[in-house]
Amino acid sequence: MTHAGEIVRSGFLHVTVGQDEIHLSPQKGLNRFLGLRLREAEVKKRIATYLRRLDIGAYAKAPDVWIFRRDDIHTVRGIVAEIDAALKIIANRPLTPRLVQNVLGITARERLRWTKDGRLPVKGSISFRRGQTINIRTYAPDGIAKLLSDPALIASWRANDENGQTAQP
């Protein structure tokens, strides 16, 4: 049984405090945030690298479950806070056009058309030089997650595009 002061809270990690052990897993964040789910390998690698650097005796029970001694609960709170901060940055990082196309199952042409007419939520752009300056739009993870939860909307956009109608965002 845990006391109120022995609870470890996280917005991105699943934390289980048992009698002898504390288990951490990124599954909560992966299920809840599209930006983390699409970058799952990066998330798991970042957590594993961080925990290896600390060298506090944590070990992996499974590829994505790390176990600490219950006696280290105060240390684990600090670790969870630092991992949460890193995962928040990853979760909110804009999505690239390729990620958006893959997750929504749309073509590059649809993405470009829907970006131009405002149907896809743009977060910003990145620029780089390859002989000339190239600008690429990036997309808001939460906006894309909303579209992903409503496949009928994308189907209606496609139908409207085939009929020559302009769909509203």
# chains A, B, ... in the order shown; residues from 1 in each chain; ligands from 1
>>> residues_around(residues="Leu87 in chain A", least_positions_apart="5", cutoff="8 Å", atoms="only C-alpha atoms", output="PyMOL selection string")
chain A and resi 12+36+43
>>> write_last_selection(atoms="C-alpha atoms", output="short mmCIF file (atom, residue, chain, number, x, y, z; two decimals), in the first residue's frame")
data_model
loop_
_atom_site.label_atom_id
_atom_site.label_comp_id
_atom_site.auth_asym_id
_atom_site.auth_seq_id
_atom_site.Cartn_x
_atom_site.Cartn_y
_atom_site.Cartn_z
CA PHE A 12 3.71 10.71 -20.35
CA LEU A 36 5.02 10.27 -29.50
CA VAL A 43 11.03 7.90 -27.45
#
>>> residues_around(residues="range 121-123 of chain A", least_positions_apart="2", cutoff="6 Å", atoms="only C-alpha atoms", output="ChimeraX atom specification")
/A:138-140,143
>>> atom_distance(atom1="CA of His23 in chain A", atom2="CA of Phe68 in chain A")
6.5 Å
>>> residues_around(residues="Val17 in chain A", least_positions_apart="2", cutoff="10 Å", atoms="only C-alpha atoms", output="list in words")
Met1, Thr2, Glu6, Ile7, Val8, Val15, Gln19, Asp20, Glu21, Ile22, His23, Leu24, Ile67, Phe68, Arg69, Arg70 and Ile73 of chain A
>>> select_by_dssp(residues="range 64-108 of chain A", states="helix (DSSP H, G or I)", output="PyMOL selection string")
chain A and resi 70-92+97-104+108
>>> closest_residue(among="A:Gly124, A:Gly78, A:Pro151, A:Pro141", to="Gly105 in chain A", atoms="only C-alpha atoms")
A:Pro151
>>> select_by_dssp(residues="chain A", states="strand (DSSP E)", output="PyMOL selection string")
chain A and resi 14-17+21-25+59-62+65-69+122-130+132-139
>>> closest_residue(among="A:Ile106, A:Ile90, A:Leu30, A:Val65", to="Arg46 in chain A", atoms="only C-alpha atoms")
A:Ile90
